[in-house]
Amino acid sequence: MQSAPIQVEGNRVTLEPGRSLRGEVMVPGDKSISHRALLIGAVAEGNTTIHGMLAAEDPRSTAECLRAMGVAVSPLEDGNQPVVVQGVGLDGLQEPVDVLNCGNSGTTMRLLLGLLSGCKGRYFVLTGDGSLRQRPMGRVSHPLCQAMGASIHGRANGAFAPLGVSGCQLQGGVIGTSVPSAQVKSALLLAGLTASSSVSVIEPNRSRDHSERMLKAFGADVQVNGDYGRHVRLTPGRSLRGQEVHVPGDVSSAAFWLVGAAVIPGSRLRLPHVGLNPTRTGVVEVLQAMGAQLQVENRREITGEPVGDLLVQHSALGPFSIGPDLVPRLVDEIPALAVAALFAEGASRIHGARELRVKETDRLAVMTRQLRAMGAVVEETADGLVIEGPQKLRGAGLDSETDHRVAMSLALAALNAQGPSRIHGADAAGVSYPGFWRQLGRLLGG
């Protein structure tokens, strides 16, 4: 009798290989869009109703911070019930009586730094858990202070939380960013909502554009120009109006199923209603270039965001090469793609991905360490990985090291290994994908 393919015991998950992934899976709402809908809805006038909200730990941190500043936000349940945000307007955020706790969410902290910098006469302190307090905030605080006149103070000259923000009148300007980062760009644009003149952000490569799309939908004056949309300008002066937002499925969450079905023999999955924003679909393009049997059907647009249904099944894969131009479009999916590389025929290379060293963990180091525990040969470089495939993995004791994307990526490797694996710190998946392990068990037939 075949043993259960997955066993969940507290914070540990044991996985038995030998089963395929089959069926249909609705991935949770897009995390990036969920954050932005909450934040922009909070400073709009009137109510914003958000359908398909990701009810995970990171968006909950954003909602709790907003509630602490006087914004009424209905409970984030399971994504089936819409979330209503009662907007307070651009100048309506109240000074909180306590520190704002951003939890483990870098998006919450970085975007709030921008939004709160222009709240004249109010003072805010932002902190987070141990991991977040070690993540770099200077990339946001420094341009806000140096280019727009914000007043942000904290450890290492405002580079690390806890951070204090003294709201003041901000100025506009043209700001060039050293790295393509949607969080940096979004913070500057949100700060621009109350600036004295227009703010222009110019990136070296285009990052995800959810903020631009949503700000436009809420009535902001946003213009996207330049080569490949690298130049974004926001002109203040317009009030934002509450909207009805439909959040598509998160392509970063879909990536785990796309890679899993592509590498695990006998697998075939359908993923309906996944967001296909062109600044986010690098993982789809890489898998298709590898030879994955991955099709997109029923393309359409909902609330300004392109969506579609994805169909994927197991197939022979070739290697890939990911460079700095592509990294901004799939930075969160690189841990999963590292697993795909293990089962591809040839050498896959990732470079220009130094950003992964300052995520929830140093993902390049963590993925290298954990995959090596399974017997994988992985070359870690200063800004990437080199993986020669195909390789045979052995089951092992693994550890997410508190990183949600590492936990889910290791599950894919474990399901294609020889012998069972146990993943410690499995509950980290709940940061972005509540119910991941339950859905995995269903798709494995367990």
# chains A, B, ... in the order shown; residues from 1 in each chain; ligands from 1
$ residues_around --residues "segment 51-66 of chain A" --least-positions-apart "4" --cutoff "7 Å" --atoms "only C-alpha atoms" --output "number ranges by chain"
A: 28-31, 34-35, 38, 70-71, 73, 76-80, 82-83, 100-105, 108, 245-248, 430-434
$ write_last_selection --atoms "N, CA and C atoms" --output "mmCIF file, in the first residue's frame"
data_model
loop_
_atom_site.group_PDB
_atom_site.id
_atom_site.type_symbol
_atom_site.label_atom_id
_atom_site.label_comp_id
_atom_site.auth_asym_id
_atom_site.auth_seq_id
_atom_site.Cartn_x
_atom_site.Cartn_y
_atom_site.Cartn_z
ATOM 1 N N PRO A 28 -4.011 31.844 -5.031
ATOM 2 C CA PRO A 28 -4.520 32.997 -4.286
ATOM 3 C C PRO A 28 -4.232 34.310 -5.005
ATOM 4 N N GLY A 29 -4.891 35.366 -4.546
ATOM 5 C CA GLY A 29 -4.773 36.668 -5.172
ATOM 6 C C GLY A 29 -3.356 37.203 -5.164
ATOM 7 N N ASP A 30 -3.071 38.035 -6.143
ATOM 8 C CA ASP A 30 -1.738 38.599 -6.312
ATOM 9 C C ASP A 30 -1.341 39.434 -5.096
ATOM 10 N N LYS A 31 -0.177 39.125 -4.519
ATOM 11 C CA LYS A 31 0.253 39.804 -3.305
ATOM 12 C C LYS A 31 0.571 41.273 -3.570
ATOM 13 N N SER A 34 -2.659 43.161 -4.058
ATOM 14 C CA SER A 34 -3.409 43.237 -2.800
ATOM 15 C C SER A 34 -2.881 44.361 -1.915
ATOM 16 N N HIS A 35 -1.550 44.432 -1.747
ATOM 17 C CA HIS A 35 -0.950 45.516 -0.957
ATOM 18 C C HIS A 35 -1.376 46.884 -1.495
ATOM 19 N N LEU A 38 -5.015 47.985 -0.962
ATOM 20 C CA LEU A 38 -5.255 48.438 0.411
ATOM 21 C C LEU A 38 -4.720 49.854 0.617
ATOM 22 N N GLY A 70 -6.335 54.890 11.583
ATOM 23 C CA GLY A 70 -7.709 55.362 11.480
ATOM 24 C C GLY A 70 -8.472 54.955 10.254
ATOM 25 N N VAL A 71 -7.953 54.001 9.472
ATOM 26 C CA VAL A 71 -8.641 53.540 8.269
ATOM 27 C C VAL A 71 -9.450 52.294 8.605
ATOM 28 N N VAL A 73 -10.874 48.953 7.717
ATOM 29 C CA VAL A 73 -10.641 47.880 6.741
ATOM 30 C C VAL A 73 -11.364 46.645 7.250
ATOM 31 N N LEU A 76 -9.781 40.484 6.610
ATOM 32 C CA LEU A 76 -9.247 39.699 5.498
ATOM 33 C C LEU A 76 -9.497 38.244 5.838
ATOM 34 N N GLU A 77 -10.489 37.660 5.202
ATOM 35 C CA GLU A 77 -10.880 36.289 5.523
ATOM 36 C C GLU A 77 -10.098 35.292 4.681
ATOM 37 N N ASP A 78 -10.742 34.666 3.723
ATOM 38 C CA ASP A 78 -10.081 33.615 2.947
ATOM 39 C C ASP A 78 -10.053 33.916 1.460
ATOM 40 N N GLY A 79 -10.325 35.158 1.088
ATOM 41 C CA GLY A 79 -10.338 35.509 -0.317
ATOM 42 C C GLY A 79 -11.690 35.375 -0.966
ATOM 43 N N ASN A 80 -12.630 34.699 -0.296
ATOM 44 C CA ASN A 80 -13.965 34.542 -0.873
ATOM 45 C C ASN A 80 -14.857 35.749 -0.602
ATOM 46 N N PRO A 82 -15.301 39.839 -0.209
ATOM 47 C CA PRO A 82 -14.599 41.068 -0.576
ATOM 48 C C PRO A 82 -14.166 41.850 0.660
ATOM 49 N N VAL A 83 -13.075 42.572 0.520
ATOM 50 C CA VAL A 83 -12.558 43.429 1.580
ATOM 51 C C VAL A 83 -12.920 44.871 1.242
ATOM 52 N N LEU A 100 4.041 51.179 14.247
ATOM 53 C CA LEU A 100 3.426 50.413 13.172
ATOM 54 C C LEU A 100 4.277 49.174 12.901
ATOM 55 N N ASN A 101 3.674 47.994 13.057
ATOM 56 C CA ASN A 101 4.398 46.736 12.906
ATOM 57 C C ASN A 101 4.123 46.164 11.521
ATOM 58 N N CYS A 102 5.161 46.146 10.684
ATOM 59 C CA CYS A 102 5.018 45.657 9.311
ATOM 60 C C CYS A 102 5.255 44.154 9.196
ATOM 61 N N GLY A 103 5.465 43.481 10.339
ATOM 62 C CA GLY A 103 5.657 42.032 10.315
ATOM 63 C C GLY A 103 6.877 41.650 9.505
ATOM 64 N N ASN A 104 6.690 40.773 8.532
ATOM 65 C CA ASN A 104 7.773 40.298 7.667
ATOM 66 C C ASN A 104 7.710 40.923 6.283
ATOM 67 N N SER A 105 6.861 41.953 6.131
ATOM 68 C CA SER A 105 6.536 42.462 4.803
ATOM 69 C C SER A 105 7.372 43.671 4.415
ATOM 70 N N THR A 108 5.108 46.285 2.664
ATOM 71 C CA THR A 108 4.386 47.153 3.587
ATOM 72 C C THR A 108 5.268 48.304 4.051
ATOM 73 N N VAL A 245 -11.989 46.709 -7.106
ATOM 74 C CA VAL A 245 -10.771 46.074 -7.592
ATOM 75 C C VAL A 245 -10.954 44.560 -7.604
ATOM 76 N N HIS A 246 -10.612 43.945 -8.720
ATOM 77 C CA HIS A 246 -10.625 42.476 -8.823
ATOM 78 C C HIS A 246 -9.176 42.007 -8.940
ATOM 79 N N VAL A 247 -8.714 41.311 -7.912
ATOM 80 C CA VAL A 247 -7.314 40.882 -7.856
ATOM 81 C C VAL A 247 -7.162 39.555 -8.589
ATOM 82 N N PRO A 248 -6.307 39.482 -9.615
ATOM 83 C CA PRO A 248 -6.111 38.200 -10.306
ATOM 84 C C PRO A 248 -5.242 37.261 -9.478
ATOM 85 N N GLY A 430 2.763 30.308 4.478
ATOM 86 C CA GLY A 430 1.582 31.120 4.730
ATOM 87 C C GLY A 430 1.795 32.608 4.543
ATOM 88 N N VAL A 431 3.050 33.055 4.446
ATOM 89 C CA VAL A 431 3.317 34.475 4.213
ATOM 90 C C VAL A 431 2.695 34.932 2.904
ATOM 91 N N SER A 432 2.760 34.102 1.868
ATOM 92 C CA SER A 432 2.203 34.484 0.571
ATOM 93 C C SER A 432 1.176 33.500 0.034
ATOM 94 N N TYR A 433 1.114 32.266 0.605
ATOM 95 C CA TYR A 433 0.231 31.253 0.025
ATOM 96 C C TYR A 433 -0.426 30.436 1.134
ATOM 97 N N PRO A 434 -1.438 31.002 1.807
ATOM 98 C CA PRO A 434 -2.184 30.209 2.794
ATOM 99 C C PRO A 434 -2.821 28.991 2.119
#
$ select_by_dssp --residues "segment 152-345 of chain A" --states "helix (DSSP H, G or I)" --output "PyMOL selection string"
chain A and resi 155-158+182-192+210-217+227-229+251-263+282-289+327-329+331-342
$ residues_around --residues "segment 327-344 of chain A" --least-positions-apart "3" --cutoff "7 Å" --atoms "only C-alpha atoms" --output "MDAnalysis selection string"
chainID A and resid 180 207:208 252 255:256 259 263 279:283 317:319 322:324 348 352:353 367 387:391 405:406 409 413
$ write_last_selection --atoms "N, CA and C atoms" --output "compact mmCIF listing (two decimals), in the first residue's frame"
# COMPACT_ATOMS: atom_id res chain seq x y z
N PRO A 180 16.38 48.31 -10.63
CA PRO A 180 14.96 48.26 -10.97
C PRO A 180 14.18 47.60 -9.85
N SER A 207 10.57 47.68 -13.96
CA SER A 207 10.09 46.77 -12.93
C SER A 207 8.57 46.64 -13.05
N ARG A 208 7.99 45.77 -12.24
CA ARG A 208 6.55 45.54 -12.31
C ARG A 208 5.77 46.85 -12.14
N SER A 252 3.33 34.67 -9.24
CA SER A 252 4.45 34.19 -8.42
C SER A 252 4.06 32.93 -7.65
N ALA A 255 3.77 30.02 -10.13
CA ALA A 255 5.07 29.50 -10.60
C ALA A 255 5.41 28.15 -9.99
N PHE A 256 5.01 27.94 -8.74
CA PHE A 256 5.35 26.66 -8.10
C PHE A 256 4.63 25.51 -8.79
N VAL A 259 6.22 25.00 -12.44
CA VAL A 259 7.48 24.25 -12.39
C VAL A 259 7.22 22.81 -11.95
N VAL A 263 8.19 19.40 -14.22
CA VAL A 263 9.31 18.50 -13.90
C VAL A 263 8.89 17.16 -13.32
N THR A 279 5.02 42.75 -17.01
CA THR A 279 6.19 42.97 -16.16
C THR A 279 6.38 41.84 -15.15
N ARG A 280 5.53 40.80 -15.22
CA ARG A 280 5.59 39.71 -14.25
C ARG A 280 5.70 38.33 -14.90
N THR A 281 5.61 38.24 -16.22
CA THR A 281 5.45 36.93 -16.86
C THR A 281 6.78 36.32 -17.31
N GLY A 282 7.89 36.78 -16.75
CA GLY A 282 9.17 36.19 -17.11
C GLY A 282 9.24 34.70 -16.87
N VAL A 283 8.62 34.22 -15.79
CA VAL A 283 8.67 32.78 -15.48
C VAL A 283 7.95 31.97 -16.55
N LEU A 317 12.84 19.16 -20.68
CA LEU A 317 13.21 20.57 -20.58
C LEU A 317 14.66 20.77 -20.99
N GLY A 318 14.91 21.91 -21.62
CA GLY A 318 16.27 22.35 -21.89
C GLY A 318 16.68 23.41 -20.89
N PRO A 319 17.94 23.86 -20.94
CA PRO A 319 18.43 24.83 -19.96
C PRO A 319 17.94 26.23 -20.27
N ILE A 322 19.25 33.42 -17.48
CA ILE A 322 18.54 34.59 -16.97
C ILE A 322 19.57 35.65 -16.63
N GLY A 323 19.42 36.85 -17.21
CA GLY A 323 20.34 37.94 -16.96
C GLY A 323 19.65 39.13 -16.33
N PRO A 324 20.38 40.22 -16.10
CA PRO A 324 19.83 41.37 -15.38
C PRO A 324 18.64 42.03 -16.04
N SER A 348 22.07 25.58 -16.83
CA SER A 348 21.26 26.79 -16.68
C SER A 348 22.05 27.82 -15.88
N GLY A 352 23.05 38.48 -12.41
CA GLY A 352 22.38 39.76 -12.24
C GLY A 352 21.27 39.72 -11.22
N ALA A 353 21.31 38.72 -10.32
CA ALA A 353 20.24 38.52 -9.34
C ALA A 353 20.71 38.78 -7.93
N MET A 367 18.98 28.55 -1.07
CA MET A 367 18.64 27.52 -2.05
C MET A 367 19.85 26.64 -2.34
N ILE A 387 23.63 25.82 -12.64
CA ILE A 387 23.15 24.47 -12.32
C ILE A 387 23.18 23.63 -13.59
N GLU A 388 23.92 22.55 -13.54
CA GLU A 388 24.00 21.62 -14.67
C GLU A 388 23.03 20.49 -14.43
N GLY A 389 22.16 20.22 -15.41
CA GLY A 389 21.21 19.14 -15.27
C GLY A 389 21.33 18.13 -16.41
N PRO A 390 20.62 17.03 -16.31
CA PRO A 390 19.73 16.68 -15.19
C PRO A 390 20.50 16.04 -14.04
N GLN A 391 19.91 16.17 -12.85
CA GLN A 391 20.52 15.61 -11.65
C GLN A 391 19.52 14.71 -10.94
N ARG A 405 9.08 31.38 -0.06
CA ARG A 405 9.32 30.88 -1.42
C ARG A 405 10.33 29.73 -1.41
N VAL A 406 11.23 29.72 -0.48
CA VAL A 406 12.14 28.59 -0.33
C VAL A 406 11.36 27.34 0.07
N SER A 409 9.49 25.99 -2.95
CA SER A 409 10.42 25.48 -3.97
C SER A 409 11.02 24.15 -3.56
N ALA A 413 11.31 20.10 -5.36
CA ALA A 413 12.49 19.23 -5.44
C ALA A 413 12.24 17.92 -4.72
$ select_by_dssp --residues "segment 117-219 of chain A" --states "strand (DSSP E)" --output "list in words"
Tyr123, Phe124, Val125, Leu126, Thr127, Ser151, Ile152, His153, Gly154, Phe160, Ala161, Pro162, Leu163, Gly164, Val165, Ser166, Gly173, Val174, Ile175, Gly176, Val199, Ser200, Val201 and Ile202 of chain A
$ write_last_selection --atoms "C-alpha atoms" --output "tab-separated table (two decimals), in the first residue's frame"
chain	number	residue	atom	x	y	z
A	123	TYR	CA	5.01	61.26	13.21
A	124	PHE	CA	5.22	57.53	12.54
A	125	VAL	CA	7.55	54.74	13.66
A	126	LEU	CA	7.77	51.60	11.51
A	127	THR	CA	9.29	48.31	12.58
A	151	SER	CA	12.46	63.33	7.04
A	152	ILE	CA	13.24	59.68	7.83
A	153	HIS	CA	15.54	58.57	10.64
A	154	GLY	CA	16.72	55.17	11.82
A	160	PHE	CA	17.40	49.78	8.60
A	161	ALA	CA	14.24	49.66	10.70
A	162	PRO	CA	12.99	50.72	13.15
A	163	LEU	CA	12.45	53.94	11.19
A	164	GLY	CA	10.87	57.21	12.27
A	165	VAL	CA	9.03	59.33	9.70
A	166	SER	CA	8.24	63.00	10.35
A	173	GLY	CA	11.85	66.12	-9.04
A	174	VAL	CA	13.44	63.64	-11.41
A	175	ILE	CA	14.85	60.59	-9.63
A	176	GLY	CA	17.01	57.92	-11.21
A	199	VAL	CA	7.77	63.32	-9.55
A	200	SER	CA	9.52	61.38	-12.31
A	201	VAL	CA	11.14	58.00	-11.66
A	202	ILE	CA	13.62	56.59	-14.19
$ closest_residue --among "A:Leu115, A:Met148, A:Leu15, A:Leu326" --to "Pro204 of chain A" --atoms "only C-alpha atoms"
A:Leu326
$ residues_around --residues "Gln7 of chain A" --least-positions-apart "4" --cutoff "12 Å" --atoms "only C-alpha atoms" --output "list in words"
Ser3, Asn11, Arg12, Val13, Thr14, Leu15, Glu16, Pro420, Ser421, Arg422, Ile423, Ala426, Trp437, Arg438, Leu440, Gly441, Arg442, Leu444 and Gly446 of chain A
$ closest_residue --among "A:Gln295, A:Gln288, A:Ser74, A:Asn157" --to "Phe320 of chain A" --atoms "only C-alpha atoms"
A:Gln288
$ closest_residue --among "A:Ser117, A:Thr177, A:Thr303, A:Asn416" --to "Glu244 of chain A" --atoms "only C-alpha atoms"
A:Thr303
$ closest_residue --among "A:Ala417, A:Gly130, A:Asp98, A:Ser315" --to "Ala261 of chain A" --atoms "only C-alpha atoms"
A:Ser315
$ residues_around --residues "segment 269-274 of chain A" --least-positions-apart "4" --cutoff "10 Å" --atoms "only C-alpha atoms" --output "ChimeraX atom specification"
/A:20-30,247-254,257-258,260-262,294-300,302,306-314,443
$ residues_around --residues "segment 84-95 of chain A" --least-positions-apart "4" --cutoff "10 Å" --atoms "only C-alpha atoms" --output "PyMOL selection string"
chain A and resi 37-51+63+66-76+115-116+118-125+167+193-194+238-244
$ atom_distance --atom1 "atom CA of Val378 of chain A" --atom2 "atom CA of Leu412 of chain A"
16.3 Å
$ decode --residues "segment 86-156 of chain A" --atoms "C-alpha atoms" --output "PDB file, in the first residue's frame"
ATOM      1  CA  GLN A  86     -13.164  53.140   3.790  1.00  0.00           C
ATOM      2  CA  GLY A  87     -10.849  55.749   2.310  1.00  0.00           C
ATOM      3  CA  VAL A  88      -9.838  58.792   4.358  1.00  0.00           C
ATOM      4  CA  GLY A  89      -8.397  60.915   1.536  1.00  0.00           C
ATOM      5  CA  LEU A  90      -4.855  62.009   0.816  1.00  0.00           C
ATOM      6  CA  ASP A  91      -4.518  63.951   4.071  1.00  0.00           C
ATOM      7  CA  GLY A  92      -6.638  61.714   6.301  1.00  0.00           C
ATOM      8  CA  LEU A  93      -4.164  59.241   7.816  1.00  0.00           C
ATOM      9  CA  GLN A  94      -3.974  59.771  11.578  1.00  0.00           C
ATOM     10  CA  GLU A  95      -0.882  59.720  13.739  1.00  0.00           C
ATOM     11  CA  PRO A  96      -0.873  56.271  15.414  1.00  0.00           C
ATOM     12  CA  VAL A  97      -0.621  55.881  19.176  1.00  0.00           C
ATOM     13  CA  ASP A  98       1.846  53.008  18.822  1.00  0.00           C
ATOM     14  CA  VAL A  99       4.587  51.713  16.556  1.00  0.00           C
ATOM     15  CA  LEU A 100       3.426  50.413  13.172  1.00  0.00           C
ATOM     16  CA  ASN A 101       4.398  46.736  12.906  1.00  0.00           C
ATOM     17  CA  CYS A 102       5.018  45.657   9.311  1.00  0.00           C
ATOM     18  CA  GLY A 103       5.657  42.032  10.315  1.00  0.00           C
ATOM     19  CA  ASN A 104       7.773  40.298   7.667  1.00  0.00           C
ATOM     20  CA  SER A 105       6.536  42.462   4.803  1.00  0.00           C
ATOM     21  CA  GLY A 106       9.118  44.562   2.992  1.00  0.00           C
ATOM     22  CA  THR A 107       6.403  45.826   0.654  1.00  0.00           C
ATOM     23  CA  THR A 108       4.386  47.153   3.587  1.00  0.00           C
ATOM     24  CA  MET A 109       7.339  49.035   5.059  1.00  0.00           C
ATOM     25  CA  ARG A 110       8.783  50.433   1.844  1.00  0.00           C
ATOM     26  CA  LEU A 111       5.475  51.635   0.415  1.00  0.00           C
ATOM     27  CA  LEU A 112       4.396  53.140   3.744  1.00  0.00           C
ATOM     28  CA  LEU A 113       7.666  55.092   3.904  1.00  0.00           C
ATOM     29  CA  GLY A 114       6.607  56.829   0.709  1.00  0.00           C
ATOM     30  CA  LEU A 115       2.974  57.286   1.642  1.00  0.00           C
ATOM     31  CA  LEU A 116       3.643  58.632   5.144  1.00  0.00           C
ATOM     32  CA  SER A 117       6.513  60.984   4.277  1.00  0.00           C
ATOM     33  CA  GLY A 118       4.054  63.579   2.989  1.00  0.00           C
ATOM     34  CA  CYS A 119       1.614  63.430   5.951  1.00  0.00           C
ATOM     35  CA  LYS A 120       2.475  66.903   7.243  1.00  0.00           C
ATOM     36  CA  GLY A 121       2.728  67.362  11.008  1.00  0.00           C
ATOM     37  CA  ARG A 122       2.402  63.679  11.905  1.00  0.00           C
ATOM     38  CA  TYR A 123       5.012  61.261  13.212  1.00  0.00           C
ATOM     39  CA  PHE A 124       5.222  57.533  12.536  1.00  0.00           C
ATOM     40  CA  VAL A 125       7.548  54.741  13.659  1.00  0.00           C
ATOM     41  CA  LEU A 126       7.774  51.600  11.514  1.00  0.00           C
ATOM     42  CA  THR A 127       9.293  48.307  12.584  1.00  0.00           C
ATOM     43  CA  GLY A 128       8.970  44.621  11.745  1.00  0.00           C
ATOM     44  CA  ASP A 129      10.162  41.179  12.724  1.00  0.00           C
ATOM     45  CA  GLY A 130      13.826  40.225  13.045  1.00  0.00           C
ATOM     46  CA  SER A 131      14.147  39.413   9.352  1.00  0.00           C
ATOM     47  CA  LEU A 132      12.600  42.682   8.177  1.00  0.00           C
ATOM     48  CA  ARG A 133      14.782  44.738  10.504  1.00  0.00           C
ATOM     49  CA  GLN A 134      17.819  43.372   8.664  1.00  0.00           C
ATOM     50  CA  ARG A 135      16.540  44.168   5.168  1.00  0.00           C
ATOM     51  CA  PRO A 136      17.765  47.326   3.382  1.00  0.00           C
ATOM     52  CA  MET A 137      15.428  50.324   3.564  1.00  0.00           C
ATOM     53  CA  GLY A 138      17.990  52.910   2.503  1.00  0.00           C
ATOM     54  CA  ARG A 139      17.149  52.316  -1.157  1.00  0.00           C
ATOM     55  CA  VAL A 140      13.768  53.929  -0.340  1.00  0.00           C
ATOM     56  CA  SER A 141      14.561  56.293   2.533  1.00  0.00           C
ATOM     57  CA  HIS A 142      17.620  57.870   0.893  1.00  0.00           C
ATOM     58  CA  PRO A 143      15.968  59.029  -2.364  1.00  0.00           C
ATOM     59  CA  LEU A 144      12.897  60.145  -0.425  1.00  0.00           C
ATOM     60  CA  CYS A 145      15.094  62.310   1.803  1.00  0.00           C
ATOM     61  CA  GLN A 146      17.694  63.465  -0.708  1.00  0.00           C
ATOM     62  CA  ALA A 147      15.459  64.077  -3.721  1.00  0.00           C
ATOM     63  CA  MET A 148      12.073  64.884  -2.189  1.00  0.00           C
ATOM     64  CA  GLY A 149      12.960  66.399   1.202  1.00  0.00           C
ATOM     65  CA  ALA A 150      11.459  63.660   3.389  1.00  0.00           C
ATOM     66  CA  SER A 151      12.460  63.334   7.044  1.00  0.00           C
ATOM     67  CA  ILE A 152      13.235  59.676   7.832  1.00  0.00           C
ATOM     68  CA  HIS A 153      15.542  58.573  10.636  1.00  0.00           C
ATOM     69  CA  GLY A 154      16.720  55.174  11.821  1.00  0.00           C
ATOM     70  CA  ARG A 155      19.625  52.818  12.203  1.00  0.00           C
ATOM     71  CA  ALA A 156      22.605  53.292   9.892  1.00  0.00           C
TER      72      ALA A 156
END
